[in-house]
Amino acid sequence: MPLDAYRINTEPYYEPQDTEIDIFTAAYSERLPVMLKGPTGCGKTRFVEHMAWRLGKPLITVAAHEDMTAADLAGRYLLEPSGTVWHDGPLTQAARHGGICYLDEIVEARQDTTVVIHPLTDARRILPLEKHNEIVPAHADFQLTISYNPGYQSAVKDLKESTKQRFIAIDFGYPPPSTESTIIARESGADSDLATLLVRIAERSRNLQGHGLDEGASTRMLIHTGRMVRAGLPLAAAVRAGIVLPITDNPDIRAALTDAIAACVP
Amino acid sequence: MRSVSARPSATLQVLFEPEGDARRLHLIMRQRDALRPLFLATWEALSRQFDAAELETWAGAVLELVNVNAGPACLIAYWEASRDAASTREIAPLLGAAQICAEICRHAGAPAATASLNALAIARRSFGAAALSRWWRAMEMLARQAPESVLPAAGRMGQILLPGTIEAFEDFITAGLRSAAGDRNRRLAFFSLQDDLARRMIARDPGGVGFPNVEAEVKAFTTALWGELPLLRGMAGDSMDKPQRRSTISGPIIRLPETYRGVRGDAARGLFRAATAHAQAHLVLGRARFPIGTLKPLQVALVNLIEDARVETLAMRALPGLRRLWAPYHVAEPRGIATAPVLLARLARALFDPAHVDDDGFVAKGRALFAAALPRIEDSAISREIGTLLGNDLGQMRVQFNARTYVVEPVYRDDGLGLWDFDEGAQPPDDVLDLFIDAMRVDAQESADGSNQQAELGNAEAGIGRGRPVAPDDRGTVIARYPEWDRVHGIERPDWTVVREVAAKSGDPHAIEDALDGAGAVRNRVARLVRGLRIGRIVRLKRQHDGHDLDVDAMLDAGIALRSGQEPDPRVFRSSKSVHRDLSALLLIDISQSTCDRLPSGATVLDIERLAVAVLSEAMDQLGDPFGLLAFASDGREDIRMTSIKGFDEAYDRPCRARLAGLSSGLSTRLGTALRHAGNVMATTTSTSRKLLIVLTDGEPSDIDVSDPLDLVEDARRAAVDLRSRGIDAYGVVLGTAGIASAPRIFGRSNTMLVPRVENLPARLSELYFRLARR
Ligand SMILES: Nc1ncnc2c1ncn2[C@@H]1O[C@H](COP(=O)(O)OP(=O)(O)OP(=O)(O)O)[C@@H](O)[C@H]1O
Ligand SMILES: [Mg+2]
């Protein structure tokens, strides 16, 4: 099997926030493209990994960036001693052989790049490769998932309406406190008291979202902080290094956040 | 140019211009044994920082001091000042200082000039370069208008600069000159700080931290705690002979003392945080409004105390670390004379800290009652029950209680006024009102004050700062006449319309700031856009001759070409270049009568315009793009009123936001004239390569003396076309649905943005700007 390297064999740990597993399962069974929305570090990547495992399909992940061209996704001719040889890009691989293609942070790519996914994500389910003079019909197992952080959304960086409207969307927020502390405990090895406290601390920073912070502390950040404590650092130092300093450079907000976090600690 | 810098002073002379000031100064100094060593040391120090041309000008400055007979002490002081400032590598401030010093010397004598130079060292501790030059100008003014006072004032500079801002210093000088009304002795008394007013003006605690210093931080702190933005206000300073004023809650607003006397530095920050966290806990967790009924003052005080304990208990359950924030202020000891205030403070501590030992019977009873009510802690009714009971007990103990002098303890707690409902039913007894008399006065004052202060501010600005002619009547000063197009006859009527400048009224800048706070999401997005733009836009270039990266596709093509024996295209690189913006913008704001229409949300169109302008202004300010804000309305062709909220050369500061807040709706919309005038303003005051004029309007042009609105539409269209020919891009942002038809005719379809849902304006306006700014 050509995509065996992309199969996930052991279950990636994933704690459901809501009904996202059902939604994704339904979307996949209909081969509808899915858009995962949510702030950074809230479990989007982990979720797709988990779903790929659950559905038993290979997962090809592409991190989008500004310089990404359509050829980076679809493929291009490469030079080999014998002459030029066509190489499928990751999107084409997933479409040809059947798998989930996950385009992370899709808005980072330029809009003229993003349009290559259009024929794949409507009723046609084909990928025209102009340079290769080929039209690849999507494999029955193929499905496209993209992630999208609405916090970054702006007038200049946004998806085209025609792109947006092709997707089923799942909204990821921060998980409910008890779920989040379970995740932190499990992923960082923190005890449940520490995990609960970290969630409470995160809530302080999330209160400042839009009032000095672009985004509050992510689950990922809390896991890192928990690991710093596990590695022997005192809580205050771990919180400072793991949350306060990375999240803002504004001295007023730093001071305010530090004090508000102190108010969480018994 | 800096070739001189490293050389020893002995060789310097050969580099002098034969007739130059530096040479002349060295020759003079050769005769002055006492001064020479100091002079040479200074010269050497300066020559490490400045080049020969700069030193030449500096020598000229010293010669000027010599010429006005400033005397050796003054020269030495100047040299010292020069060496102090040399590390900034800015020669201009040194030259300016010498010039003003010479001026002071002429008016007030050499000792005054010397003292000023010595005072400079103190001023430098508080001020940066810009403020220092204002400091010098204020000193010069003093020397001209009150020569006798320079010496005493300079000698007391440390004290005079206690308030710490250059504005305060300028105010101090102006106030002294004004209050003495030309009387020399009164001036002397003022500037030697014998005078009451003078002392009051500088009576700011040294190291004191005022509310404005901590406002941003405390606001963020409280928001982080409770997830709700607090509405914070400062209260004007209270008088020294009264106890420290407590914070007070009025409606949703928390008022904090301007300073907590005698509390400094971090301790003051901590106290502001403690006070705000406490008050916001009332608002978030309490929200009780007790009917005052027939309660006695002592009962009222005790209900307050129990409610404080209740709310803090709840708060500390959610955020246990708050205990550390509040605990240091609970200092009442379980001994001494048991007056009512003392017992109250002791009870407050006992309820706050269950581990604290206090065996007093009253305190113990209070504790027992509170403990028994803990299962109902969520219910504010327990505060009124327990407080009434305890107040009754204490009343029967016949302890002294004076409602007039009572203040809540500990100091971080609010005065309790916000907990009571005075509106309903009968007038409460006077003795209860005594309890809150100060707070109520503050409340009334602040509300009224808001406008008073602002009005004064506005006047002061119109008079001095902004240097504009005073309006002869409320129709404003005529500043321009413009032609208007006569559609029916197809001619342009020369000088047909009259533009008057109407001074802006100042409103409450908090209105703007609160609205901004409430628009977190939009503001956040805009802030991100700002960051994106500030970095400078980068465009990627493919298939370049040079670059930081290989262009894979171009390389492949080249490789294929090579193999097939063709000439490869050598442009196989990718590169990037950054594009800089050179852009200024004028926002032209329609404030005609229709902008006071209310939207479903209850806000007026003008409210939304104001918010949108504030959001965008904040962004443009951060970007450093020059911008102006101009409002317009009209009342016939003789009276088109323009109100300048912000000129291109003015800072976007609080007074500016106050002027924005002070806009009010009225009259009509003669758009064409407003466009012509705005065009003139831009053409004469901005020099950027791109000029944007963005018009916010909520309907089609109209005026009282024009019966067919099409006339004004056509006139506005011609004005817009004319702007384009002058290199100004005019964009119409049309609110609501009234102007949907006419706006595209005026501005062109691609230069019109329709905002049928007015509430979307703040986001849409900024989007428009950023879209345009990226081009
Ligand atoms: N629901 C969840 N179940 C299990 N782990 C989770 C969950 N949510 C978050 N995590 C943990 O948080 C970490 C960050 O999540 P992930 O990398 O999936 O974030 P993301 O949403 O993809 O972020 P980004 O947008 O920055 O890529 C994961 O490595 C995982 O440890
Ligand atoms: Mg991710």
# chains A, B, ... in the order shown; residues from 1 in each chain; ligands from 1
call {"tool": "interface_residues", "arguments": {"of": "chain B", "to": "chain A", "cutoff": "7 Å", "atoms": "only C-alpha atoms", "output": "JSON, numbers by chain"}}
result
{"B": [216, 217, 218, 220, 221, 223, 224, 225, 227, 319, 320, 321, 322, 520, 521, 524, 525, 556, 767]}
call {"tool": "residues_near_ligand", "arguments": {"ligand": "ligand 1", "cutoff": "8 Å", "atoms": "only C-alpha atoms and all ligand atoms", "output": "number ranges by chain"}}
result
A: 13-17, 38-47, 104-105, 147-149, 172, 174-175, 179-180, 183-184, 187, 218-221, 223
call {"tool": "residues_around", "arguments": {"residues": "Leu606 in chain B", "least_positions_apart": "6", "cutoff": "7 Å", "atoms": "only C-alpha atoms", "output": "PDB file with N, CA and C atoms, in the first residue's frame"}}
result
ATOM      1  N   ILE B 591     -22.026  64.774  10.866  1.00  0.00           N
ATOM      2  CA  ILE B 591     -22.710  64.792  12.160  1.00  0.00           C
ATOM      3  C   ILE B 591     -24.068  65.462  12.025  1.00  0.00           C
ATOM      4  N   THR B 595     -27.837  61.698  12.203  1.00  0.00           N
ATOM      5  CA  THR B 595     -26.930  60.803  12.930  1.00  0.00           C
ATOM      6  C   THR B 595     -27.340  60.627  14.379  1.00  0.00           C
ATOM      7  N   CYS B 596     -28.411  61.306  14.815  1.00  0.00           N
ATOM      8  CA  CYS B 596     -28.854  61.009  16.183  1.00  0.00           C
ATOM      9  C   CYS B 596     -29.969  59.970  16.183  1.00  0.00           C
TER      10      CYS B 596
END
call {"tool": "closest_residue", "arguments": {"among": "B:Asp582, B:Asp308, B:Glu385, B:Glu56", "to": "Asp414 in chain B", "atoms": "only C-alpha atoms"}}
result
B:Asp308
call {"tool": "residues_around", "arguments": {"residues": "Glu609 in chain B", "least_positions_apart": "5", "cutoff": "10 Å", "atoms": "only C-alpha atoms", "output": "JSON, numbers by chain"}}
result
{"B": [589, 590, 591, 595, 604, 614, 615, 660, 696, 697, 698, 735, 758, 759, 761, 762, 765]}
call {"tool": "write_last_selection", "arguments": {"atoms": "N, CA and C atoms", "output": "short mmCIF file (atom, residue, chain, number, x, y, z; two decimals), in the first residue's frame"}}
result
data_model
loop_
_atom_site.label_atom_id
_atom_site.label_comp_id
_atom_site.auth_asym_id
_atom_site.auth_seq_id
_atom_site.Cartn_x
_atom_site.Cartn_y
_atom_site.Cartn_z
N ILE B 589 -16.32 63.41 8.97
CA ILE B 589 -17.42 62.76 9.68
C ILE B 589 -18.70 63.58 9.58
N ASP B 590 -19.71 62.98 9.05
CA ASP B 590 -21.03 63.61 8.94
C ASP B 590 -21.70 63.58 10.31
N ILE B 591 -22.03 64.77 10.87
CA ILE B 591 -22.71 64.79 12.16
C ILE B 591 -24.07 65.46 12.03
N THR B 595 -27.84 61.70 12.20
CA THR B 595 -26.93 60.80 12.93
C THR B 595 -27.34 60.63 14.38
N THR B 604 -26.81 55.60 19.08
CA THR B 604 -27.13 56.42 17.93
C THR B 604 -26.12 56.16 16.82
N ALA B 614 -12.73 56.05 16.57
CA ALA B 614 -11.77 55.82 17.66
C ALA B 614 -10.95 54.55 17.39
N VAL B 615 -11.62 53.51 16.93
CA VAL B 615 -10.90 52.26 16.65
C VAL B 615 -9.85 52.49 15.57
N LEU B 660 -13.71 64.24 20.41
CA LEU B 660 -14.49 63.26 19.64
C LEU B 660 -15.78 62.93 20.41
N LEU B 696 -17.46 59.60 6.17
CA LEU B 696 -18.50 58.80 6.83
C LEU B 696 -19.80 59.58 6.74
N THR B 697 -20.79 59.01 6.08
CA THR B 697 -22.04 59.74 5.99
C THR B 697 -23.20 58.77 6.06
N ASP B 698 -24.36 59.26 6.48
CA ASP B 698 -25.46 58.33 6.68
C ASP B 698 -26.63 58.60 5.75
N LEU B 735 -23.56 54.81 5.69
CA LEU B 735 -24.22 54.08 6.76
C LEU B 735 -25.70 53.99 6.48
N VAL B 758 -25.44 49.45 10.43
CA VAL B 758 -24.54 50.47 10.96
C VAL B 758 -23.62 49.90 12.04
N GLU B 759 -24.12 48.93 12.82
CA GLU B 759 -23.32 48.35 13.91
C GLU B 759 -22.02 47.74 13.39
N LEU B 761 -20.02 49.09 11.35
CA LEU B 761 -19.10 50.12 10.88
C LEU B 761 -17.68 50.02 11.46
N PRO B 762 -17.55 49.87 12.81
CA PRO B 762 -16.18 49.87 13.33
C PRO B 762 -15.28 48.86 12.61
N LEU B 765 -14.94 49.93 8.66
CA LEU B 765 -14.14 51.12 8.39
C LEU B 765 -12.65 50.79 8.47
#
call {"tool": "closest_residue", "arguments": {"among": "A:Ile168, A:Ala70, A:Leu91, A:Leu103", "to": "ligand 2", "atoms": "only C-alpha atoms and all ligand atoms"}}
result
A:Leu103
call {"tool": "atom_distance", "arguments": {"atom1": "CA of Val432 in chain B", "atom2": "CA of Ile292 in chain B"}}
result
8.8 Å
call {"tool": "atom_distance", "arguments": {"atom1": "CA of Asp171 in chain A", "atom2": "CA of Leu516 in chain B"}}
result
27.1 Å
call {"tool": "closest_residue", "arguments": {"among": "A:Val199, A:Ile146, A:Ala123, A:Gln93", "to": "ligand 2", "atoms": "only C-alpha atoms and all ligand atoms"}}
result
A:Ile146
call {"tool": "select_by_dssp", "arguments": {"residues": "range 163-330 of chain B", "states": "alpha helix (DSSP H)", "output": "JSON, numbers by chain"}}
result
{"B": [166, 167, 168, 169, 170, 171, 172, 173, 174, 175, 176, 177, 178, 179, 180, 184, 185, 186, 187, 188, 189, 190, 191, 196, 197, 198, 199, 200, 201, 202, 211, 212, 213, 214, 215, 216, 217, 218, 219, 220, 221, 222, 223, 224, 225, 226, 265, 266, 267, 268, 269, 270, 271, 272, 273, 274, 275, 276, 277, 278, 279, 280, 281, 297, 298, 299, 300, 301, 302, 303, 304, 305, 306, 307, 308, 309, 310, 311, 312, 313, 314, 315, 316, 317, 318, 322, 323, 324, 325, 326]}
